[in-house]
$ cat start_20.txt   # compact mmCIF, C-alpha atoms
# COMPACT_ATOMS: atom_id res chain seq x y z
CA MET D 1 -7.38 21.24 43.36
CA CYS D 2 -6.77 23.77 40.58
CA LYS D 3 -10.40 24.88 40.79
CA LYS D 4 -9.81 25.59 44.47
CA TRP D 5 -6.91 27.91 43.64
CA LEU D 6 -9.07 29.60 40.98
CA ASP D 7 -11.50 30.53 43.76
CA ARG D 8 -10.34 34.01 44.72
CA ASN D 9 -11.77 33.70 48.22
CA TYR D 10 -9.44 30.73 48.75
CA SER D 11 -6.37 32.21 47.07
CA LYS D 12 -6.66 35.79 48.42
CA LYS D 13 -4.53 35.48 51.57
CA HIS D 14 -1.94 33.37 49.76
CA VAL D 15 -1.67 35.91 46.95
CA GLU D 16 -1.01 38.63 49.54
CA HIS D 17 1.83 36.63 51.10
CA ILE D 18 3.37 35.62 47.77
CA ALA D 19 3.30 39.22 46.55
CA LYS D 20 5.37 40.39 49.50
CA ILE D 21 7.83 37.51 49.23
CA THR D 22 8.38 37.84 45.47
CA ASN D 23 8.22 41.67 45.36
CA GLN D 24 5.40 41.52 42.83
CA SER D 25 2.04 43.23 43.02
CA GLU D 26 -1.00 41.22 44.09
CA GLU D 27 -2.56 41.82 40.68
CA MET D 28 0.50 40.32 38.97
CA VAL D 29 0.67 37.30 41.28
CA LEU D 30 -3.04 36.61 40.82
CA PHE D 31 -2.75 36.86 37.02
CA GLU D 32 0.22 34.47 36.91
CA LEU D 33 -1.32 32.04 39.41
CA GLU D 34 -4.67 31.78 37.66
CA ASN D 35 -3.09 31.23 34.25
CA ALA D 36 -0.92 28.44 35.65
CA MET D 37 -3.86 26.76 37.38
CA LEU D 38 -5.97 26.93 34.23
CA GLY D 39 -3.21 25.05 32.44
CA LEU D 40 -3.33 22.30 35.08
CA LEU D 41 -7.07 21.68 34.95
CA LYS D 42 -8.03 18.05 34.25
CA GLU D 43 -9.04 18.62 30.64
CA ASN D 44 -5.74 20.39 29.93
CA THR D 45 -3.53 17.79 31.63
CA LYS D 46 -5.34 15.13 29.62
CA LYS D 47 -4.45 17.02 26.46
CA LEU D 48 -0.88 17.40 27.73
CA ILE D 49 -0.50 13.63 28.12
CA GLU D 50 -1.93 12.98 24.66
CA GLU D 51 0.36 15.53 23.02
CA GLU D 52 3.56 14.58 24.84
CA LEU D 53 3.14 10.80 25.13
CA LYS D 54 0.75 10.23 22.19
CA SER D 55 -1.66 8.13 24.26
CA GLU D 56 -3.79 8.98 27.28
CA ASP D 57 -3.51 5.40 28.59
CA ILE D 58 0.19 4.75 28.07
CA LEU D 59 1.06 5.46 31.74
CA ASP D 60 -1.60 3.04 33.01
CA THR D 61 -1.64 0.13 30.61
CA TRP D 62 0.02 -1.57 27.66
CA VAL D 63 -1.00 0.11 24.42
CA PRO D 64 -1.20 -2.02 21.24
CA THR D 65 1.25 -1.21 18.46
CA TYR D 66 2.37 -2.90 15.25
CA TYR D 67 5.08 -4.93 17.02
CA GLY D 68 3.08 -5.79 20.15
CA PHE D 69 2.64 -3.37 23.05
CA VAL D 70 4.23 -0.19 24.40
CA HIS D 71 4.07 1.22 27.91
CA ARG D 72 5.57 4.13 29.88
CA GLN D 73 7.07 3.53 33.32
CA PRO D 74 8.04 6.18 35.92
CA ARG D 75 11.76 6.69 36.53
CA GLY D 76 11.33 6.29 40.32
CA LEU D 77 12.50 8.92 42.81
CA VAL D 78 12.65 12.37 41.21
CA PHE D 79 14.47 15.20 42.98
CA HIS D 80 13.16 18.64 41.97
CA ASN D 81 15.75 21.32 42.75
CA VAL D 82 14.18 24.80 42.58
CA SER D 83 16.83 27.49 42.77
CA GLY D 84 15.23 30.92 42.49
CA ASN D 85 13.17 31.38 39.32
CA ALA D 86 9.47 32.28 39.03
CA PHE D 87 7.37 30.91 41.91
CA ILE D 88 4.92 29.21 39.57
CA VAL D 89 7.45 26.55 38.47
CA ILE D 90 6.64 24.74 41.73
CA PRO D 91 3.11 23.54 40.78
CA VAL D 92 4.25 22.85 37.21
CA SER D 93 7.17 20.68 38.33
CA ILE D 94 5.06 18.91 40.98
CA ALA D 95 2.26 18.27 38.48
CA MET D 96 4.67 16.76 35.94
CA GLY D 97 6.16 14.52 38.64
CA LEU D 98 2.77 13.29 39.88
CA ILE D 99 1.22 12.82 36.42
CA SER D 100 4.21 10.68 35.44
CA LYS D 101 3.59 8.52 38.59
CA ASN D 102 7.01 9.21 40.10
CA VAL D 103 7.87 9.69 43.77
CA ASN D 104 8.85 13.34 44.18
CA LEU D 105 11.16 15.18 46.57
CA VAL D 106 10.98 18.96 46.02
CA LYS D 107 13.66 21.23 47.43
CA VAL D 108 12.40 24.82 47.50
CA SER D 109 14.38 28.04 47.20
CA LYS D 110 15.01 30.26 50.21
CA ASP D 111 13.79 33.15 48.05
CA GLU D 112 10.25 31.72 47.99
CA PRO D 113 9.53 28.71 50.22
CA TYR D 114 5.92 29.64 51.03
CA PHE D 115 3.91 28.69 47.95
CA ALA D 116 5.24 25.13 47.73
CA CYS D 117 4.04 24.42 51.27
CA VAL D 118 0.52 25.80 50.83
CA PHE D 119 0.20 24.11 47.43
CA TYR D 120 1.21 20.82 49.06
CA LYS D 121 -1.44 21.28 51.75
CA SER D 122 -4.09 21.96 49.11
CA LEU D 123 -3.17 18.68 47.42
CA MET D 124 -3.51 16.83 50.74
CA GLU D 125 -7.02 18.22 51.15
CA ILE D 126 -7.98 16.53 47.88
CA ASP D 127 -6.06 13.25 48.23
CA GLU D 128 -4.04 12.36 51.33
CA SER D 129 -2.36 9.47 49.53
CA ILE D 130 -0.28 12.01 47.57
CA LYS D 131 1.93 12.29 50.67
CA ASP D 132 3.33 8.88 49.71
CA ARG D 133 4.62 10.33 46.43
CA LEU D 134 5.45 13.93 47.34
CA SER D 135 7.54 15.70 49.97
CA ILE D 136 8.61 19.34 50.24
CA VAL D 137 11.95 20.11 51.90
CA TYR D 138 14.35 22.99 52.42
CA PHE D 139 18.03 22.99 53.32
CA ASP D 140 20.84 25.47 52.81
CA SER D 141 22.19 25.31 49.26
CA SER D 142 25.75 25.29 50.61
CA SER D 143 25.11 21.84 52.17
CA SER D 144 26.99 19.88 49.52
CA GLU D 145 26.87 16.61 51.50
CA ILE D 146 23.04 16.71 51.56
CA TYR D 147 22.90 17.36 47.83
CA ASP D 148 25.34 14.52 47.16
CA TYR D 149 23.34 12.10 49.30
CA ILE D 150 20.00 12.98 47.70
CA VAL D 151 21.26 12.87 44.11
CA SER D 152 23.09 9.58 44.67
CA ASN D 153 19.80 8.04 45.83
CA SER D 154 17.63 9.57 43.09
CA ASP D 155 16.66 8.16 39.71
CA CYS D 156 16.15 11.57 38.09
CA VAL D 157 16.85 15.23 38.88
CA VAL D 158 14.80 18.17 37.59
CA HIS D 159 16.56 21.50 37.99
CA TRP D 160 15.10 25.02 37.76
CA GLY D 161 17.49 27.94 38.19
CA GLY D 162 20.61 29.80 37.22
CA LYS D 163 23.96 28.82 35.72
CA THR D 164 25.93 28.20 38.93
CA SER D 165 23.34 25.90 40.48
CA ARG D 166 22.67 24.24 37.10
CA ASP D 167 26.35 23.41 36.59
CA TYR D 168 26.63 22.05 40.13
CA MET D 169 23.60 19.78 39.76
CA ALA D 170 24.77 18.61 36.33
CA SER D 171 28.14 17.59 37.75
CA LEU D 172 26.48 15.67 40.61
CA CYS D 173 24.19 13.84 38.18
CA ALA D 174 27.15 12.95 35.98
CA LYS D 175 29.06 11.70 39.02
CA HIS D 176 26.22 9.38 40.06
CA SER D 177 24.89 8.57 36.54
CA VAL D 178 21.49 10.11 37.27
CA HIS D 179 19.15 11.33 34.53
CA PHE D 180 19.24 15.16 34.50
CA ILE D 181 16.44 17.44 33.25
CA GLU D 182 17.57 21.05 32.95
CA HIS D 183 15.40 24.19 32.97
CA GLY D 184 17.46 27.34 32.89
CA PRO D 185 19.35 29.51 32.65
CA LYS D 186 17.75 30.76 29.43
CA VAL D 187 17.35 34.06 27.57
CA SER D 188 14.39 35.00 25.38
CA PHE D 189 13.81 37.83 22.91
CA GLU D 190 11.36 39.30 20.38
CA VAL D 191 11.85 40.04 16.69
CA ILE D 192 9.67 42.65 14.96
CA ASP D 193 10.22 41.95 11.27
CA LYS D 194 7.33 43.97 9.88
CA GLU D 195 5.26 46.99 10.90
CA PRO D 196 3.52 45.81 14.09
CA SER D 197 -0.11 46.40 14.95
CA ILE D 198 -1.15 48.00 18.24
CA ASP D 199 -2.07 44.52 19.47
CA ASP D 200 1.44 43.31 18.65
CA ILE D 201 2.98 46.15 20.67
CA LYS D 202 0.58 45.52 23.55
CA GLY D 203 1.70 41.90 23.40
CA ILE D 204 5.37 42.87 23.73
CA ALA D 205 4.50 45.06 26.72
CA LEU D 206 2.71 42.12 28.35
CA ASP D 207 5.54 39.68 27.58
CA MET D 208 8.13 41.90 29.30
CA SER D 209 5.88 42.59 32.30
CA LEU D 210 4.97 39.05 33.37
CA TRP D 211 7.14 37.49 36.10
CA GLU D 212 8.98 40.87 36.23
CA GLN D 213 11.32 39.17 33.71
CA LYS D 214 12.43 36.56 36.27
CA ALA D 215 11.25 33.72 34.04
CA CYS D 216 13.34 32.27 31.22
CA LEU D 217 10.59 32.99 28.70
CA SER D 218 10.56 36.76 29.41
CA PRO D 219 12.10 38.85 26.61
CA ARG D 220 15.18 40.96 27.30
CA ILE D 221 15.78 42.31 23.79
CA VAL D 222 13.47 43.46 21.01
CA PHE D 223 15.16 43.25 17.60
CA LEU D 224 13.44 45.89 15.46
CA ASN D 225 13.61 45.80 11.66
CA SER D 226 15.21 49.08 10.59
CA GLU D 227 12.41 49.60 8.08
CA VAL D 228 9.85 49.79 10.90
CA ASN D 229 9.08 53.36 12.00
CA LYS D 230 11.08 53.45 15.24
CA GLU D 231 9.61 56.71 16.55
CA LYS D 232 6.08 55.39 16.14
CA PHE D 233 7.02 52.03 17.66
CA LEU D 234 8.71 53.56 20.72
CA TYR D 235 5.81 55.97 21.24
CA PHE D 236 3.19 53.22 21.27
CA PHE D 237 5.45 50.85 23.21
CA ARG D 238 5.72 53.39 26.02
CA ASN D 239 1.96 54.01 25.98
CA CYS D 240 1.25 50.28 26.14
CA LEU D 241 3.58 49.84 29.10
CA GLU D 242 1.83 52.69 30.90
CA GLU D 243 -1.49 50.93 30.27
CA ILE D 244 -0.13 47.60 31.52
CA ILE D 245 1.04 49.27 34.73
CA GLN D 246 -2.54 50.28 35.49
CA VAL D 247 -3.74 46.66 35.21
CA LEU D 248 -0.65 44.75 36.37
CA PRO D 249 1.30 47.21 38.53
CA LYS D 250 4.78 46.56 39.86
CA GLY D 251 5.26 45.62 43.47
CA TYR D 252 7.42 47.86 45.63
CA TYR D 253 7.93 45.78 48.76
CA ASP D 254 11.70 45.68 48.16
CA TYR D 255 13.13 49.14 47.51
CA PHE D 256 16.55 47.80 46.58
CA SER D 257 15.26 46.63 43.18
CA SER D 258 14.11 50.19 42.44
CA ILE D 259 17.49 51.61 43.41
CA LYS D 260 19.23 49.07 41.16
CA THR D 261 17.03 50.07 38.20
CA LEU D 262 17.90 53.75 38.70
CA GLN D 263 21.61 52.90 38.96
CA ASP D 264 21.48 50.84 35.76
CA ARG D 265 19.78 53.69 33.93
CA GLN D 266 22.46 56.12 35.12
CA HIS D 267 25.24 53.74 34.10
CA LEU D 268 23.86 53.42 30.57
CA PHE D 269 23.18 57.14 30.24
CA LEU D 270 26.73 58.10 31.24
CA ASN D 271 28.27 55.45 28.98
CA ASN D 272 26.24 56.67 25.99
CA ILE D 273 26.19 60.41 26.61
CA ASP D 274 27.89 61.09 23.24
CA ASN D 275 25.95 58.42 21.34
CA PRO D 276 23.32 60.06 19.08
CA ASP D 277 21.65 56.68 18.46
CA PHE D 278 20.97 56.07 22.16
CA LYS D 279 17.64 56.78 23.83
CA LEU D 280 16.43 56.10 27.35
CA ILE D 281 12.64 55.99 27.52
CA CYS D 282 11.36 55.32 31.01
CA SER D 283 8.80 56.04 33.67
CA LYS D 284 9.55 58.66 36.33
CA ASN D 285 9.85 55.88 38.88
CA SER D 286 11.20 52.38 38.11
CA ASP D 287 7.98 51.01 36.58
CA PHE D 288 9.60 50.38 33.18
CA THR D 289 12.74 51.16 31.18
CA ILE D 290 13.19 51.03 27.40
CA VAL D 291 16.75 51.33 26.12
CA TYR D 292 16.96 52.10 22.40
CA SER D 293 20.46 51.60 21.01
CA ASN D 294 22.20 50.70 17.77
CA SER D 295 24.72 48.84 19.92
CA LEU D 296 23.55 45.41 20.93
CA PRO D 297 23.79 44.66 24.66
CA LYS D 298 26.73 42.80 26.17
CA GLU D 299 26.43 40.18 28.92
CA ARG D 300 26.37 42.70 31.79
CA GLU D 301 23.71 44.77 30.05
CA ILE D 302 21.56 41.68 29.35
CA ASP D 303 21.74 40.92 33.09
CA MET D 304 20.23 44.36 33.77
CA CYS D 305 17.01 43.31 32.06
CA LEU D 306 14.86 42.54 35.09
CA GLY D 307 11.80 44.33 36.44
CA ARG D 308 10.48 45.56 33.06
CA PHE D 309 13.82 46.70 31.66
CA ILE D 310 14.32 45.97 27.96
CA TYR D 311 16.55 46.76 25.00
CA VAL D 312 15.18 47.75 21.59
CA CYS D 313 17.85 47.37 18.91
CA PRO D 314 17.45 47.95 15.17
CA TYR D 315 18.75 45.44 12.62
CA TYR D 316 19.34 45.96 8.90
CA ASN D 317 19.39 42.33 7.84
CA LYS D 318 18.47 39.13 9.63
CA LYS D 319 22.03 37.86 9.56
CA GLU D 320 22.84 40.45 12.24
CA VAL D 321 20.27 38.84 14.54
CA ILE D 322 21.53 35.32 13.81
CA ASP D 323 25.17 36.34 14.36
CA TYR D 324 24.35 38.08 17.63
CA ILE D 325 22.42 35.23 19.18
CA ASN D 326 25.06 32.74 18.00
CA ASN D 327 27.89 34.78 19.50
CA ASN D 328 26.18 35.96 22.69
CA LEU D 329 23.20 33.75 23.56
CA LYS D 330 24.16 30.32 22.22
CA GLY D 331 23.27 27.69 24.79
CA TYR D 332 20.92 30.05 26.63
CA LEU D 333 18.18 30.43 24.02
CA GLN D 334 14.56 29.60 24.74
CA THR D 335 11.55 31.60 23.44
CA MET D 336 11.25 34.03 20.53
CA GLY D 337 8.22 36.29 20.19
CA TYR D 338 7.92 36.92 16.46
CA CYS D 339 6.03 39.49 14.42
CA GLY D 340 6.68 38.44 10.84
CA ASP D 341 6.16 35.67 8.31
CA ASP D 342 9.65 34.55 7.25
CA PHE D 343 9.76 30.77 7.83
CA GLU D 344 13.35 30.59 6.62
CA PHE D 345 14.34 32.97 9.43
CA ILE D 346 12.39 30.85 11.94
CA GLU D 347 14.28 27.81 10.69
CA GLN D 348 17.60 29.60 11.20
CA VAL D 349 16.90 30.77 14.76
CA THR D 350 15.64 27.34 15.80
CA LEU D 351 18.85 25.82 14.42
CA CYS D 352 20.67 28.22 16.75
CA GLY D 353 18.76 26.82 19.74
CA VAL D 354 15.45 28.67 20.05
CA SER D 355 12.97 26.01 21.20
CA ILE D 356 9.62 27.82 20.91
CA VAL D 357 8.32 30.62 18.66
CA THR D 358 5.16 32.54 19.56
CA ARG D 359 3.30 35.64 18.58
CA PRO D 360 3.96 38.79 20.66
CA GLY D 361 1.93 38.56 23.85
CA GLU D 362 2.07 34.75 24.02
CA MET D 363 5.65 34.12 25.15
CA SER D 364 4.45 32.99 28.57
CA LEU D 365 1.61 30.92 27.10
CA HIS D 366 3.09 27.48 26.48
CA LYS D 367 0.20 25.53 25.02
CA ASN D 368 -0.11 21.80 25.65
CA GLY D 369 2.18 19.91 23.31
CA THR D 370 4.70 22.71 22.89
CA SER D 371 8.22 22.13 24.14
CA HIS D 372 9.75 23.45 27.33
CA ASP D 373 13.43 24.14 26.69
CA GLY D 374 13.23 21.85 23.67
CA ILE D 375 11.98 18.79 25.57
CA TYR D 376 8.76 17.21 26.79
CA ASN D 377 8.83 16.87 30.58
CA LEU D 378 6.53 13.83 30.69
CA ASN D 379 8.71 12.12 28.11
CA GLU D 380 11.86 12.81 30.17
CA LEU D 381 10.25 11.77 33.48
CA THR D 382 9.31 8.33 32.13
CA TYR D 383 10.94 5.65 30.03
CA VAL D 384 9.55 3.53 27.21
CA VAL D 385 8.97 -0.22 27.60
CA SER D 386 8.35 -2.18 24.40
CA TYR D 387 6.89 -5.71 24.40
CA GLN D 388 7.55 -7.38 21.07
CA ARG D 389 5.17 -10.12 19.96
CA ASP D 390 4.49 -11.89 16.68

$ encode --input "start_20.txt" --output "structure tokens"
Amino acid sequence: MCKKWLDRNYSKKHVEHIAKITNQSEEMVLFELENAMLGLLKENTKKLIEEELKSEDILDTWVPTYYGFVHRQPRGLVFHNVSGNAFIVIPVSIAMGLISKNVNLVKVSKDEPYFACVFYKSLMEIDESIKDRLSIVYFDSSSSEIYDYIVSNSDCVVHWGGKTSRDYMASLCAKHSVHFIEHGPKVSFEVIDKEPSIDDIKGIALDMSLWEQKACLSPRIVFLNSEVNKEKFLYFFRNCLEEIIQVLPKGYYDYFSSIKTLQDRQHLFLNNIDNPDFKLICSKNSDFTIVYSNSLPKEREIDMCLGRFIYVCPYYNKKEVIDYINNNLKGYLQTMGYCGDDFEFIEQVTLCGVSIVTRPGEMSLHKNGTSHDGIYNLNELTYVVSYQRD
């Protein structure tokens, strides 16, 4: 199935439709789609099972252990609630549900209902029996009685989306004592602790471009060590973003997003007109925006960071970074792109809640065996059965 989606003759028309729906360029959609499908190839899902569950056979049979045998069983009916978010979470969530042998009901977002349907059809072309374990549905998110009915009859809920929908689903799961797996809302960032190479800066440009920052793992802030040459960094950062635009251009199907970017730039400019430490480095259109400021962004300003819009903020000691994320991002932390070699600092940020640390350029590359929001999905979608014998 994944090989079919990697065939560009097969995926071409779907990429065109998804681009218009998501307001991303076709080049960007194709790049994201192919990377996701590569991760779901048979050899990679096999590795995923081994890394997350420690045995390739544990879902199919009883595995010998020192006390007897251990086995993993599916939870049963899993409700996947996709509320907004990057379109590619659909195949990831479906794949996790099917690999774990659960029965899956997937509710798609009104923002992007298309891909789930065509992905479902591609699965049917490979194995029609999947229809017994997978259904795709849509209903208005304001239909609280439908949500209540589905959750009350589910064994597990997987949620992808923002704070409002997350809190609502969490309350329903608590009401009906249903296992809840949460993905989002999250905020990610990069820390440049030493003089970066050109490849590091290119990596940051790529990290902030993928998904147009709609994904939880997209950085919104770059914390820049004050000892790093800021003029040099900002110069190369701009150049790298201009290069990325040539390969992975922005989509301009929805002009409102461009207007919002220009309004956000104007708001920041007027609010910092007397601030000598403020710089606005941006393309002539809304392709990208770099905000350099000694003042760390507040909640409203963090929310501006969509569509290749990012803050670069200097720090003079690492405690400033720790204090900021503790006071402003606690509970929302996910990925940190890190250019440095201070393991004590990595220990501190992970104690704050960061669940994955990568090199710049790899924030969207979650390798098999790495956590997603601090958990293993296959582990959460199954439960352990132990058979004790002498």

$ closest_residue --input "start_20.txt" --among "D:Leu123, D:Leu134, D:Val384, D:Leu296" --to "Leu98 in chain D" --atoms "only C-alpha atoms"
D:Leu134

$ closest_residue --input "start_20.txt" --among "D:Ile281, D:Ile310, D:Val247, D:Leu378" --to "Met208 in chain D" --atoms "all atoms listed in the file"
D:Ile310

$ residues_around --input "start_20.txt" --residues "Asn225 in chain D" --least-positions-apart "2" --cutoff "7 Å" --atoms "all atoms listed in the file" --output "short mmCIF file (atom, residue, chain, number, x, y, z; two decimals) with C-alpha atoms, keeping the file's coordinate frame"
data_model
loop_
_atom_site.label_atom_id
_atom_site.label_comp_id
_atom_site.auth_asym_id
_atom_site.auth_seq_id
_atom_site.Cartn_x
_atom_site.Cartn_y
_atom_site.Cartn_z
CA ILE D 192 9.67 42.65 14.96
CA ASP D 193 10.22 41.95 11.27
CA LYS D 194 7.33 43.97 9.88
CA PHE D 223 15.16 43.25 17.60
CA GLU D 227 12.41 49.60 8.08
CA VAL D 228 9.85 49.79 10.90
CA PRO D 314 17.45 47.95 15.17
CA TYR D 315 18.75 45.44 12.62
CA TYR D 316 19.34 45.96 8.90
#

$ closest_atom_pairs --input "start_20.txt" --of "range 198-238 of chain D" --to "range 19-29 of chain D" --cutoff "12 Å" --atoms "only C-alpha atoms" --output "tab-separated table"
residue	atom	partner	partner_atom	distance
D:Leu206	CA	D:Met28	CA	11.0
D:Ser209	CA	D:Met28	CA	8.9
D:Leu210	CA	D:Met28	CA	7.3
D:Trp211	CA	D:Met28	CA	7.8
D:Glu212	CA	D:Gln24	CA	7.5
D:Gln213	CA	D:Gln24	CA	11.1
D:Lys214	CA	D:Thr22	CA	10.1

$ atom_distance --input "start_20.txt" --atom1 "CA of Tyr147 in chain D" --atom2 "CA of His372 in chain D"
25.1 Å

$ atom_distance --input "start_20.txt" --atom1 "CA of Val385 in chain D" --atom2 "CA of Val63 in chain D"
10.5 Å

$ closest_residue --input "start_20.txt" --among "D:Ile245, D:Leu262, D:Leu268, D:Ile201" --to "Asp287 in chain D" --atoms "only C-alpha atoms"
D:Ile245

$ atom_distance --input "start_20.txt" --atom1 "CA of Cys216 in chain D" --atom2 "CA of Gln263 in chain D"
23.5 Å

$ closest_atom_pairs --input "start_20.txt" --of "range 100-202 of chain D" --to "range 69-83 of chain D" --cutoff "8 Å" --atoms "only C-alpha atoms" --output "CSV"
residue,atom,partner,partner_atom,distance
D:Ser100,CA,D:Pro74,CA,5.9
D:Lys101,CA,D:Pro74,CA,5.7
D:Asn102,CA,D:Gly76,CA,5.2
D:Val103,CA,D:Leu77,CA,4.8
D:Asn104,CA,D:Val78,CA,4.9
D:Leu105,CA,D:Phe79,CA,4.9
D:Val106,CA,D:His80,CA,4.6
D:Lys107,CA,D:Asn81,CA,5.1
D:Val108,CA,D:Val82,CA,5.2
D:Ser109,CA,D:Ser83,CA,5.1
D:Ile150,CA,D:Phe79,CA,7.6
D:Val151,CA,D:Phe79,CA,7.3
D:Asn153,CA,D:Leu77,CA,7.9
D:Ser154,CA,D:Leu77,CA,5.2
D:Asp155,CA,D:Leu77,CA,5.2
D:Cys156,CA,D:Val78,CA,4.8
D:Val157,CA,D:Phe79,CA,4.7
D:Val158,CA,D:His80,CA,4.7
D:His159,CA,D:Asn81,CA,4.8
D:Trp160,CA,D:Val82,CA,4.9
D:Gly161,CA,D:Ser83,CA,4.6
D:Gly162,CA,D:Ser83,CA,7.1
D:Ser165,CA,D:Ser83,CA,7.1

$ axis_aligned_box --input "start_20.txt" --around "range 26-44 of chain D" --padding-each-side "4 Å" --output "JSON"
{"center_x": -4.2, "center_y": 29.9, "center_z": 37.0, "size_x": 17.7, "size_y": 31.8, "size_z": 22.2}

$ residues_around --input "start_20.txt" --residues "Leu38 in chain D" --least-positions-apart "3" --cutoff "8 Å" --atoms "all atoms listed in the file" --output "list in words"
Cys2, Leu6, Glu34, Asn35, Leu41 and Asn44 of chain D

$ closest_residue --input "start_20.txt" --among "D:Val291, D:Cys313, D:Ile221, D:Ile204" --to "Glu362 in chain D" --atoms "all atoms listed in the file"
D:Ile204

$ closest_residue --input "start_20.txt" --among "D:Glu380, D:Asp303, D:Glu52, D:Glu190" --to "Ile346 in chain D" --atoms "only C-alpha atoms"
D:Glu190

$ closest_residue --input "start_20.txt" --among "D:Ile244, D:Ile356, D:Ile146, D:Ile88" --to "Gly39 in chain D" --atoms "all atoms listed in the file"
D:Ile88

$ residues_around --input "start_20.txt" --residues "Leu333 in chain D" --least-positions-apart "3" --cutoff "6 Å" --atoms "all atoms listed in the file" --output "PyMOL selection string"
chain D and resi 186-187+353-354
